[in-house]
Amino acid sequence: MTWSVPNRIGAILLAILGIAYPVLVYFGLSVFSPRLILIVLIAAVLLRAALFLGSGKRVQAITFLLVAVILACAGIASELVAIRFYPVIVSATLAALFGVSLFVGRPMIERFARLRTPELDDYAIGYTRILTAVWVGFFIANGSIAAWTALYASIKTWTLYNGLISYVLIAVLFVGEWPVRRILRARHDRKTQDSTGQENA
């Protein structure tokens with residue numbers, strides 16, 4: 001089932017709100033209570049789950065439902081901590097999804113790669129597996145730092161890391177991987193050609 005236009009618009013808006021979430025919380029806490037912000041956050045997560053469910057993407061819908069439940073349970077203990085732990089939950093969820101994909105079905109990066117190149121050779125498949133593992137490590141590290149900022153840092157430090165630094169690190173990993181991939185691919189192709197030439201000689 002494909003996304004309808006309203007669903008796509010809603011998903012884009014929710015994604016933008018998710019990216020801007022730390023900054024919105026930083027300014028929102030000076031105006032609204034932590035309880036109200038938490039309620040809005042849970043409602044937004046549930047809406048995201050409903051959009052995925054409506055488009056037939058059950059795994060993503062269940063994931064967001066679980067996030068909403070975790071936030072609600074955390075809010076019982078501390079509404080403020082629950083609000084600040086949302087980036088941690090997101091990183092943990094992504095780490096789990098990428099990690100599980102290493103053992104069930106195709107690695108997550110391979111799935112993304114096949115959207116552009118349906119046919120991948122053995123080298124590309126192996127590379128996407130390694131890259132998926134790298135992203136798992138990144139999400140674990142990112143979530144750990146986010147957890148520290150949520151528990152021990154000031155709201156300014158929490159906002160700075162989760163609203164800016166973490167995105168910069170994601171961009172560095174995403175962009176920096178491209179030249180590494182090309183270099184390794186060229187080296188692999190060169191070795192393959194050399195070995196083929198030696199066999200034919």
# chains A, B, ... in the order shown; residues from 1 in each chain; ligands from 1

call {"tool": "residues_around", "arguments": {"residues": "segment 64-68 of chain A", "least_positions_apart": "2", "cutoff": "12 Å", "atoms": "only C-alpha atoms", "output": "compact mmCIF listing (two decimals) with all heavy atoms, in the first residue's frame"}}
result
# COMPACT_ATOMS: atom_id res chain seq x y z
N LEU A 38 4.86 16.36 27.43
CA LEU A 38 4.90 14.91 27.32
C LEU A 38 3.65 14.37 26.63
O LEU A 38 3.72 13.47 25.79
CB LEU A 38 5.05 14.28 28.70
CG LEU A 38 5.11 12.74 28.72
CD1 LEU A 38 6.27 12.22 27.89
CD2 LEU A 38 5.20 12.23 30.16
N ILE A 39 2.50 14.94 26.98
CA ILE A 39 1.25 14.51 26.35
C ILE A 39 1.28 14.78 24.85
O ILE A 39 0.87 13.93 24.04
CB ILE A 39 0.04 15.22 27.00
CG1 ILE A 39 -0.14 14.73 28.45
CG2 ILE A 39 -1.23 14.99 26.20
CD1 ILE A 39 -1.20 15.48 29.22
N VAL A 40 1.76 15.96 24.46
CA VAL A 40 1.86 16.31 23.04
C VAL A 40 2.83 15.37 22.34
O VAL A 40 2.58 14.92 21.21
CB VAL A 40 2.30 17.78 22.87
CG1 VAL A 40 2.59 18.08 21.40
CG2 VAL A 40 1.24 18.72 23.42
N LEU A 41 3.95 15.06 23.01
CA LEU A 41 4.94 14.16 22.42
C LEU A 41 4.35 12.77 22.18
O LEU A 41 4.50 12.19 21.10
CB LEU A 41 6.14 14.05 23.35
CG LEU A 41 7.20 12.99 22.97
CD1 LEU A 41 7.77 13.28 21.58
CD2 LEU A 41 8.31 12.95 24.02
N ILE A 42 3.65 12.23 23.18
CA ILE A 42 3.05 10.91 23.04
C ILE A 42 2.00 10.92 21.93
O ILE A 42 1.89 9.98 21.14
CB ILE A 42 2.43 10.45 24.38
CG1 ILE A 42 3.53 10.22 25.41
CG2 ILE A 42 1.60 9.18 24.20
CD1 ILE A 42 3.02 9.89 26.79
N ALA A 43 1.22 12.01 21.87
CA ALA A 43 0.20 12.12 20.82
C ALA A 43 0.85 12.14 19.44
O ALA A 43 0.35 11.50 18.49
CB ALA A 43 -0.62 13.39 21.03
N ALA A 44 1.99 12.84 19.31
CA ALA A 44 2.68 12.90 18.02
C ALA A 44 3.23 11.53 17.63
O ALA A 44 3.16 11.12 16.46
CB ALA A 44 3.82 13.92 18.09
N VAL A 45 3.75 10.80 18.62
CA VAL A 45 4.28 9.45 18.35
C VAL A 45 3.15 8.52 17.94
O VAL A 45 3.29 7.72 17.01
CB VAL A 45 5.00 8.90 19.59
CG1 VAL A 45 5.40 7.44 19.39
CG2 VAL A 45 6.24 9.74 19.89
N LEU A 46 2.01 8.62 18.61
CA LEU A 46 0.86 7.78 18.26
C LEU A 46 0.34 8.12 16.86
O LEU A 46 -0.08 7.23 16.11
CB LEU A 46 -0.25 7.96 19.29
CG LEU A 46 0.02 7.35 20.68
CD1 LEU A 46 -1.11 7.72 21.64
CD2 LEU A 46 0.16 5.83 20.58
N LEU A 47 0.37 9.40 16.52
CA LEU A 47 -0.06 9.82 15.18
C LEU A 47 0.89 9.25 14.13
O LEU A 47 0.44 8.80 13.06
CB LEU A 47 -0.09 11.34 15.09
CG LEU A 47 -0.51 11.94 13.73
CD1 LEU A 47 -1.88 11.44 13.32
CD2 LEU A 47 -0.48 13.47 13.80
N ARG A 48 2.18 9.24 14.45
CA ARG A 48 3.15 8.65 13.52
C ARG A 48 2.87 7.16 13.33
O ARG A 48 2.94 6.64 12.22
CB ARG A 48 4.56 8.86 14.08
CG ARG A 48 5.69 8.58 13.09
CD ARG A 48 5.87 9.74 12.13
NE ARG A 48 6.95 9.49 11.18
CZ ARG A 48 8.22 9.80 11.38
NH1 ARG A 48 8.58 10.36 12.52
NH2 ARG A 48 9.12 9.58 10.46
N ALA A 49 2.54 6.49 14.43
CA ALA A 49 2.21 5.07 14.36
C ALA A 49 0.97 4.85 13.51
O ALA A 49 0.90 3.91 12.71
CB ALA A 49 2.00 4.51 15.76
N ALA A 50 -0.03 5.72 13.67
CA ALA A 50 -1.27 5.60 12.90
C ALA A 50 -1.01 5.80 11.41
O ALA A 50 -1.60 5.10 10.56
CB ALA A 50 -2.29 6.62 13.40
N LEU A 51 -0.11 6.73 11.05
CA LEU A 51 0.21 6.96 9.65
C LEU A 51 0.89 5.74 9.04
O LEU A 51 0.58 5.34 7.91
CB LEU A 51 1.13 8.19 9.52
CG LEU A 51 0.47 9.55 9.79
CD1 LEU A 51 1.51 10.66 9.75
CD2 LEU A 51 -0.63 9.83 8.78
N PHE A 52 1.79 5.14 9.78
CA PHE A 52 2.46 3.94 9.28
C PHE A 52 1.46 2.78 9.16
O PHE A 52 1.50 2.01 8.20
CB PHE A 52 3.61 3.53 10.20
CG PHE A 52 4.87 4.28 9.94
CD1 PHE A 52 5.47 5.07 10.92
CD2 PHE A 52 5.50 4.19 8.70
CE1 PHE A 52 6.64 5.76 10.67
CE2 PHE A 52 6.68 4.88 8.44
CZ PHE A 52 7.25 5.67 9.43
N LEU A 53 0.58 2.66 10.15
CA LEU A 53 -0.41 1.59 10.11
C LEU A 53 -1.35 1.78 8.93
O LEU A 53 -1.72 0.81 8.25
CB LEU A 53 -1.20 1.56 11.42
CG LEU A 53 -2.17 0.38 11.60
CD1 LEU A 53 -1.39 -0.93 11.59
CD2 LEU A 53 -2.93 0.53 12.91
N LYS A 57 2.48 -0.31 6.88
CA LYS A 57 3.82 -0.57 7.42
C LYS A 57 3.68 -0.92 8.90
O LYS A 57 3.84 -0.09 9.78
CB LYS A 57 4.73 0.64 7.22
CG LYS A 57 4.92 0.99 5.74
CD LYS A 57 5.85 2.17 5.56
CE LYS A 57 6.06 2.48 4.09
NZ LYS A 57 6.98 3.62 3.87
N ARG A 58 3.40 -2.19 9.15
CA ARG A 58 3.07 -2.63 10.51
C ARG A 58 4.26 -2.60 11.45
O ARG A 58 4.12 -2.27 12.63
CB ARG A 58 2.48 -4.04 10.46
CG ARG A 58 1.16 -4.12 9.72
CD ARG A 58 0.58 -5.53 9.76
NE ARG A 58 -0.70 -5.59 9.08
CZ ARG A 58 -1.43 -6.69 8.95
NH1 ARG A 58 -0.95 -7.84 9.45
NH2 ARG A 58 -2.58 -6.68 8.32
N VAL A 59 5.44 -2.97 10.94
CA VAL A 59 6.63 -2.99 11.80
C VAL A 59 6.93 -1.60 12.35
O VAL A 59 7.16 -1.42 13.55
CB VAL A 59 7.85 -3.53 11.03
CG1 VAL A 59 9.11 -3.43 11.89
CG2 VAL A 59 7.61 -4.97 10.61
N GLN A 60 6.91 -0.61 11.46
CA GLN A 60 7.15 0.77 11.90
C GLN A 60 6.06 1.24 12.86
O GLN A 60 6.34 1.93 13.83
CB GLN A 60 7.23 1.71 10.70
CG GLN A 60 8.44 1.48 9.79
CD GLN A 60 8.17 0.47 8.70
OE1 GLN A 60 7.35 -0.43 8.85
NE2 GLN A 60 8.86 0.63 7.58
N ALA A 61 4.80 0.85 12.57
CA ALA A 61 3.69 1.25 13.44
C ALA A 61 3.86 0.66 14.84
O ALA A 61 3.69 1.36 15.84
CB ALA A 61 2.37 0.80 12.83
N ILE A 62 4.20 -0.62 14.90
CA ILE A 62 4.40 -1.26 16.20
C ILE A 62 5.57 -0.62 16.95
O ILE A 62 5.52 -0.43 18.17
CB ILE A 62 4.65 -2.77 16.01
CG1 ILE A 62 3.38 -3.44 15.48
CG2 ILE A 62 5.09 -3.42 17.32
CD1 ILE A 62 3.56 -4.90 15.11
N ILE A 70 6.61 3.30 26.20
CA ILE A 70 7.79 3.57 27.02
C ILE A 70 7.75 4.98 27.57
O ILE A 70 8.04 5.21 28.76
CB ILE A 70 9.07 3.35 26.19
CG1 ILE A 70 9.22 1.87 25.83
CG2 ILE A 70 10.30 3.82 26.98
CD1 ILE A 70 10.35 1.59 24.87
N LEU A 71 7.38 5.94 26.74
CA LEU A 71 7.30 7.33 27.19
C LEU A 71 6.24 7.48 28.28
O LEU A 71 6.46 8.18 29.28
CB LEU A 71 6.97 8.25 26.01
CG LEU A 71 8.09 8.50 25.01
CD1 LEU A 71 7.55 9.25 23.79
CD2 LEU A 71 9.21 9.30 25.66
N ALA A 72 5.10 6.83 28.10
CA ALA A 72 4.03 6.92 29.08
C ALA A 72 4.47 6.32 30.42
O ALA A 72 4.21 6.89 31.49
CB ALA A 72 2.78 6.22 28.57
N CYS A 73 5.14 5.18 30.36
CA CYS A 73 5.62 4.52 31.59
C CYS A 73 6.69 5.37 32.28
O CYS A 73 6.69 5.52 33.51
CB CYS A 73 6.17 3.14 31.27
SG CYS A 73 4.92 1.97 30.71
N ALA A 74 7.60 5.94 31.48
CA ALA A 74 8.64 6.79 32.05
C ALA A 74 8.04 8.06 32.66
O ALA A 74 8.52 8.56 33.68
CB ALA A 74 9.66 7.16 30.98
N GLY A 75 6.96 8.55 32.04
CA GLY A 75 6.32 9.76 32.55
C GLY A 75 5.69 9.57 33.92
O GLY A 75 5.53 10.54 34.66
N ALA A 82 11.22 11.80 31.21
CA ALA A 82 10.63 11.15 30.04
C ALA A 82 10.80 12.03 28.80
O ALA A 82 11.13 11.53 27.71
CB ALA A 82 9.16 10.86 30.29
N ILE A 83 10.60 13.32 28.97
CA ILE A 83 10.75 14.25 27.85
C ILE A 83 12.19 14.26 27.35
O ILE A 83 12.45 14.19 26.15
CB ILE A 83 10.34 15.67 28.28
CG1 ILE A 83 8.84 15.74 28.53
CG2 ILE A 83 10.75 16.69 27.21
CD1 ILE A 83 8.39 17.04 29.14
N PHE A 85 14.40 11.97 27.71
CA PHE A 85 14.88 10.66 27.30
C PHE A 85 14.37 10.24 25.92
O PHE A 85 14.76 9.19 25.42
CB PHE A 85 14.49 9.59 28.32
CG PHE A 85 15.65 9.08 29.12
CD1 PHE A 85 16.19 9.84 30.14
CD2 PHE A 85 16.23 7.85 28.83
CE1 PHE A 85 17.28 9.40 30.88
CE2 PHE A 85 17.32 7.39 29.56
CZ PHE A 85 17.85 8.16 30.58
N TYR A 86 13.54 11.05 25.29
CA TYR A 86 13.03 10.69 23.97
C TYR A 86 14.14 10.45 22.96
O TYR A 86 14.10 9.45 22.22
CB TYR A 86 12.06 11.76 23.47
CG TYR A 86 11.51 11.47 22.10
CD1 TYR A 86 10.68 10.38 21.87
CD2 TYR A 86 11.84 12.27 21.01
CE1 TYR A 86 10.18 10.10 20.61
CE2 TYR A 86 11.36 12.00 19.74
CZ TYR A 86 10.52 10.92 19.55
OH TYR A 86 10.05 10.64 18.30
N PRO A 87 15.17 11.31 22.86
CA PRO A 87 16.27 11.02 21.92
C PRO A 87 16.98 9.70 22.24
O PRO A 87 17.45 9.02 21.32
CB PRO A 87 17.22 12.21 22.10
CG PRO A 87 16.34 13.32 22.60
CD PRO A 87 15.34 12.63 23.50
N VAL A 88 17.04 9.35 23.52
CA VAL A 88 17.66 8.08 23.91
C VAL A 88 16.84 6.91 23.37
O VAL A 88 17.38 5.94 22.83
CB VAL A 88 17.79 7.98 25.44
CG1 VAL A 88 18.48 6.67 25.83
CG2 VAL A 88 18.55 9.17 26.00
N ILE A 89 15.53 7.03 23.53
CA ILE A 89 14.63 5.97 23.05
C ILE A 89 14.73 5.82 21.54
O ILE A 89 14.74 4.70 21.01
CB ILE A 89 13.18 6.27 23.48
CG1 ILE A 89 13.07 6.28 24.99
CG2 ILE A 89 12.22 5.25 22.88
CD1 ILE A 89 11.72 6.75 25.50
N VAL A 90 14.83 6.94 20.84
CA VAL A 90 14.95 6.90 19.38
C VAL A 90 16.24 6.19 18.97
O VAL A 90 16.23 5.31 18.09
CB VAL A 90 14.91 8.32 18.78
CG1 VAL A 90 15.25 8.29 17.29
CG2 VAL A 90 13.54 8.95 19.00
N SER A 91 17.36 6.55 19.60
CA SER A 91 18.64 5.91 19.28
C SER A 91 18.61 4.43 19.60
O SER A 91 19.10 3.60 18.83
CB SER A 91 19.78 6.59 20.05
OG SER A 91 20.04 7.88 19.54
N ALA A 92 18.02 4.08 20.75
CA ALA A 92 17.92 2.67 21.14
C ALA A 92 17.07 1.89 20.16
O ALA A 92 17.39 0.74 19.80
CB ALA A 92 17.36 2.56 22.55
N THR A 93 15.98 2.50 19.71
CA THR A 93 15.09 1.83 18.75
C THR A 93 15.79 1.60 17.43
O THR A 93 15.71 0.50 16.84
CB THR A 93 13.83 2.68 18.52
OG1 THR A 93 13.15 2.88 19.76
CG2 THR A 93 12.89 1.99 17.55
N LEU A 94 16.52 2.62 16.95
CA LEU A 94 17.24 2.48 15.69
C LEU A 94 18.36 1.43 15.81
O LEU A 94 18.57 0.63 14.90
CB LEU A 94 17.83 3.82 15.27
CG LEU A 94 16.82 4.87 14.81
CD1 LEU A 94 17.49 6.21 14.60
CD2 LEU A 94 16.12 4.42 13.53

call {"tool": "select_by_dssp", "arguments": {"residues": "segment 31-177 of chain A", "states": "alpha helix (DSSP H)", "output": "number ranges by chain"}}
result
A: 34-54, 58-77, 79-84, 86-101, 108-116, 122-151, 155-160, 166-177

call {"tool": "atom_distance", "arguments": {"atom1": "atom CA of Trp178 of chain A", "atom2": "atom CA of Leu131 of chain A"}}
result
11.2 Å

call {"tool": "closest_residue", "arguments": {"among": "A:Val81, A:Val31, A:Gly105, A:Gly163", "to": "Leu17 of chain A", "atoms": "only C-alpha atoms"}}
result
A:Gly163

call {"tool": "atom_distance", "arguments": {"atom1": "atom CA of Phe174 of chain A", "atom2": "atom CA of Arg190 of chain A"}}
result
25.0 Å

call {"tool": "residues_around", "arguments": {"residues": "Trp135 of chain A", "least_positions_apart": "2", "cutoff": "12 Å", "atoms": "only C-alpha atoms", "output": "VMD selection string"}}
result
chain A and resid 91 to 92 94 to 99 101 to 102 107 to 109 128 to 133 137 to 143 169 to 170 173 to 174 177

call {"tool": "write_last_selection", "arguments": {"atoms": "N, CA and C atoms", "output": "PDB file, in the first residue's frame"}}
result
ATOM      1  N   SER A  91      17.356   6.550  19.605  1.00  0.00           N
ATOM      2  CA  SER A  91      18.635   5.912  19.283  1.00  0.00           C
ATOM      3  C   SER A  91      18.607   4.428  19.604  1.00  0.00           C
ATOM      4  N   ALA A  92      18.016   4.082  20.749  1.00  0.00           N
ATOM      5  CA  ALA A  92      17.925   2.672  21.141  1.00  0.00           C
ATOM      6  C   ALA A  92      17.066   1.886  20.162  1.00  0.00           C
ATOM      7  N   LEU A  94      16.516   2.617  16.947  1.00  0.00           N
ATOM      8  CA  LEU A  94      17.244   2.476  15.690  1.00  0.00           C
ATOM      9  C   LEU A  94      18.357   1.430  15.811  1.00  0.00           C
ATOM     10  N   ALA A  95      19.055   1.437  16.943  1.00  0.00           N
ATOM     11  CA  ALA A  95      20.104   0.437  17.164  1.00  0.00           C
ATOM     12  C   ALA A  95      19.517  -0.968  17.148  1.00  0.00           C
ATOM     13  N   ALA A  96      18.346  -1.120  17.767  1.00  0.00           N
ATOM     14  CA  ALA A  96      17.694  -2.432  17.798  1.00  0.00           C
ATOM     15  C   ALA A  96      17.254  -2.865  16.406  1.00  0.00           C
ATOM     16  N   LEU A  97      16.641  -1.951  15.652  1.00  0.00           N
ATOM     17  CA  LEU A  97      16.164  -2.287  14.306  1.00  0.00           C
ATOM     18  C   LEU A  97      17.320  -2.658  13.382  1.00  0.00           C
ATOM     19  N   PHE A  98      18.393  -1.860  13.424  1.00  0.00           N
ATOM     20  CA  PHE A  98      19.552  -2.147  12.575  1.00  0.00           C
ATOM     21  C   PHE A  98      20.227  -3.435  13.040  1.00  0.00           C
ATOM     22  N   GLY A  99      20.311  -3.615  14.373  1.00  0.00           N
ATOM     23  CA  GLY A  99      20.961  -4.808  14.898  1.00  0.00           C
ATOM     24  C   GLY A  99      20.215  -6.083  14.559  1.00  0.00           C
ATOM     25  N   SER A 101      18.308  -6.562  12.082  1.00  0.00           N
ATOM     26  CA  SER A 101      18.382  -6.811  10.643  1.00  0.00           C
ATOM     27  C   SER A 101      19.653  -7.566  10.251  1.00  0.00           C
ATOM     28  N   LEU A 102      20.667  -7.569  11.122  1.00  0.00           N
ATOM     29  CA  LEU A 102      21.883  -8.316  10.847  1.00  0.00           C
ATOM     30  C   LEU A 102      21.669  -9.816  10.973  1.00  0.00           C
ATOM     31  N   PRO A 107      20.398  -7.040   6.031  1.00  0.00           N
ATOM     32  CA  PRO A 107      20.840  -5.894   6.826  1.00  0.00           C
ATOM     33  C   PRO A 107      20.163  -4.611   6.349  1.00  0.00           C
ATOM     34  N   MET A 108      19.930  -3.690   7.262  1.00  0.00           N
ATOM     35  CA  MET A 108      19.174  -2.488   6.945  1.00  0.00           C
ATOM     36  C   MET A 108      19.800  -1.689   5.807  1.00  0.00           C
ATOM     37  N   ILE A 109      21.127  -1.525   5.824  1.00  0.00           N
ATOM     38  CA  ILE A 109      21.776  -0.749   4.771  1.00  0.00           C
ATOM     39  C   ILE A 109      21.647  -1.444   3.421  1.00  0.00           C
ATOM     40  N   THR A 128      27.611  -3.721   2.927  1.00  0.00           N
ATOM     41  CA  THR A 128      26.410  -3.182   3.568  1.00  0.00           C
ATOM     42  C   THR A 128      26.189  -3.799   4.947  1.00  0.00           C
ATOM     43  N   ARG A 129      26.597  -5.048   5.116  1.00  0.00           N
ATOM     44  CA  ARG A 129      26.491  -5.690   6.439  1.00  0.00           C
ATOM     45  C   ARG A 129      27.418  -5.005   7.440  1.00  0.00           C
ATOM     46  N   ILE A 130      28.656  -4.750   7.001  1.00  0.00           N
ATOM     47  CA  ILE A 130      29.612  -4.076   7.881  1.00  0.00           C
ATOM     48  C   ILE A 130      29.123  -2.668   8.218  1.00  0.00           C
ATOM     49  N   LEU A 131      28.605  -1.959   7.205  1.00  0.00           N
ATOM     50  CA  LEU A 131      28.138  -0.591   7.421  1.00  0.00           C
ATOM     51  C   LEU A 131      26.934  -0.565   8.355  1.00  0.00           C
ATOM     52  N   THR A 132      26.066  -1.567   8.246  1.00  0.00           N
ATOM     53  CA  THR A 132      24.939  -1.667   9.172  1.00  0.00           C
ATOM     54  C   THR A 132      25.435  -1.811  10.609  1.00  0.00           C
ATOM     55  N   ALA A 133      26.464  -2.633  10.800  1.00  0.00           N
ATOM     56  CA  ALA A 133      27.043  -2.814  12.131  1.00  0.00           C
ATOM     57  C   ALA A 133      27.661  -1.510  12.641  1.00  0.00           C
ATOM     58  N   GLY A 137      26.683   0.573  16.109  1.00  0.00           N
ATOM     59  CA  GLY A 137      27.617   1.120  17.084  1.00  0.00           C
ATOM     60  C   GLY A 137      27.424   2.612  17.294  1.00  0.00           C
ATOM     61  N   PHE A 138      27.159   3.326  16.197  1.00  0.00           N
ATOM     62  CA  PHE A 138      26.937   4.774  16.314  1.00  0.00           C
ATOM     63  C   PHE A 138      25.698   5.067  17.143  1.00  0.00           C
ATOM     64  N   PHE A 139      24.599   4.369  16.865  1.00  0.00           N
ATOM     65  CA  PHE A 139      23.363   4.629  17.610  1.00  0.00           C
ATOM     66  C   PHE A 139      23.514   4.294  19.090  1.00  0.00           C
ATOM     67  N   ILE A 140      24.279   3.258  19.394  1.00  0.00           N
ATOM     68  CA  ILE A 140      24.522   2.913  20.803  1.00  0.00           C
ATOM     69  C   ILE A 140      25.317   4.019  21.491  1.00  0.00           C
ATOM     70  N   ALA A 141      26.382   4.480  20.816  1.00  0.00           N
ATOM     71  CA  ALA A 141      27.203   5.551  21.381  1.00  0.00           C
ATOM     72  C   ALA A 141      26.403   6.843  21.516  1.00  0.00           C
ATOM     73  N   ASN A 142      25.641   7.171  20.475  1.00  0.00           N
ATOM     74  CA  ASN A 142      24.828   8.387  20.489  1.00  0.00           C
ATOM     75  C   ASN A 142      23.773   8.330  21.594  1.00  0.00           C
ATOM     76  N   GLY A 143      23.140   7.173  21.739  1.00  0.00           N
ATOM     77  CA  GLY A 143      22.136   7.016  22.782  1.00  0.00           C
ATOM     78  C   GLY A 143      22.732   7.109  24.169  1.00  0.00           C
ATOM     79  N   LEU A 169      27.119  14.816  13.832  1.00  0.00           N
ATOM     80  CA  LEU A 169      27.816  13.532  13.823  1.00  0.00           C
ATOM     81  C   LEU A 169      27.195  12.569  12.808  1.00  0.00           C
ATOM     82  N   ILE A 170      25.870  12.576  12.721  1.00  0.00           N
ATOM     83  CA  ILE A 170      25.186  11.737  11.731  1.00  0.00           C
ATOM     84  C   ILE A 170      25.598  12.154  10.313  1.00  0.00           C
ATOM     85  N   LEU A 173      29.189  11.010   9.560  1.00  0.00           N
ATOM     86  CA  LEU A 173      29.248   9.582   9.257  1.00  0.00           C
ATOM     87  C   LEU A 173      28.639   9.294   7.897  1.00  0.00           C
ATOM     88  N   PHE A 174      27.523   9.921   7.605  1.00  0.00           N
ATOM     89  CA  PHE A 174      26.820   9.675   6.345  1.00  0.00           C
ATOM     90  C   PHE A 174      27.647  10.155   5.153  1.00  0.00           C
ATOM     91  N   GLU A 177      31.276   8.391   4.827  1.00  0.00           N
ATOM     92  CA  GLU A 177      31.267   7.004   4.366  1.00  0.00           C
ATOM     93  C   GLU A 177      31.383   6.921   2.853  1.00  0.00           C
TER      94      GLU A 177
END

call {"tool": "closest_residue", "arguments": {"among": "A:Val175, A:Tyr123, A:Arg35, A:Gln193", "to": "Ala77 of chain A", "atoms": "only C-alpha atoms"}}
result
A:Arg35

call {"tool": "decode", "arguments": {"residues": "segment 182-196 of chain A", "atoms": "N, CA, C and O atoms", "output": "compact mmCIF listing (two decimals), in the first residue's frame"}}
result
# COMPACT_ATOMS: atom_id res chain seq x y z
N ARG A 182 33.94 4.37 -1.93
CA ARG A 182 34.49 4.40 -3.28
C ARG A 182 35.94 3.91 -3.30
O ARG A 182 36.34 3.19 -4.23
N ILE A 183 36.71 4.28 -2.30
CA ILE A 183 38.11 3.85 -2.23
C ILE A 183 38.20 2.33 -2.06
O ILE A 183 38.96 1.64 -2.76
N LEU A 184 37.40 1.81 -1.12
CA LEU A 184 37.42 0.37 -0.87
C LEU A 184 36.90 -0.41 -2.08
O LEU A 184 37.42 -1.49 -2.41
N ARG A 185 35.89 0.14 -2.74
CA ARG A 185 35.35 -0.53 -3.93
C ARG A 185 36.39 -0.56 -5.05
O ARG A 185 36.56 -1.58 -5.72
N ALA A 186 37.07 0.57 -5.25
CA ALA A 186 38.08 0.63 -6.29
C ALA A 186 39.22 -0.33 -5.99
O ALA A 186 39.74 -1.01 -6.90
N ARG A 187 39.61 -0.44 -4.72
CA ARG A 187 40.67 -1.36 -4.33
C ARG A 187 40.25 -2.81 -4.58
O ARG A 187 41.03 -3.62 -5.08
N HIS A 188 38.99 -3.11 -4.24
CA HIS A 188 38.48 -4.46 -4.46
C HIS A 188 38.44 -4.80 -5.94
O HIS A 188 38.86 -5.90 -6.35
N ASP A 189 37.95 -3.86 -6.75
CA ASP A 189 37.85 -4.11 -8.20
C ASP A 189 39.24 -4.29 -8.80
O ASP A 189 39.43 -5.12 -9.71
N ARG A 190 40.21 -3.51 -8.30
CA ARG A 190 41.57 -3.62 -8.83
C ARG A 190 42.18 -4.99 -8.50
O ARG A 190 42.82 -5.61 -9.35
N LYS A 191 41.95 -5.43 -7.27
CA LYS A 191 42.46 -6.75 -6.88
C LYS A 191 41.79 -7.86 -7.69
O LYS A 191 42.44 -8.83 -8.08
N THR A 192 40.49 -7.69 -7.94
CA THR A 192 39.77 -8.69 -8.72
C THR A 192 40.30 -8.76 -10.15
O THR A 192 40.49 -9.85 -10.71
N GLN A 193 40.59 -7.60 -10.75
CA GLN A 193 41.12 -7.56 -12.10
C GLN A 193 42.52 -8.16 -12.16
O GLN A 193 42.86 -8.89 -13.11
N ASP A 194 43.34 -7.87 -11.13
CA ASP A 194 44.70 -8.41 -11.11
C ASP A 194 44.68 -9.94 -11.00
O ASP A 194 45.42 -10.62 -11.68
N SER A 195 43.80 -10.44 -10.11
CA SER A 195 43.72 -11.90 -9.94
C SER A 195 43.17 -12.56 -11.20
O SER A 195 43.62 -13.64 -11.60
N THR A 196 42.23 -11.89 -11.86
CA THR A 196 41.67 -12.44 -13.10
C THR A 196 42.73 -12.46 -14.20
O THR A 196 42.84 -13.41 -14.98
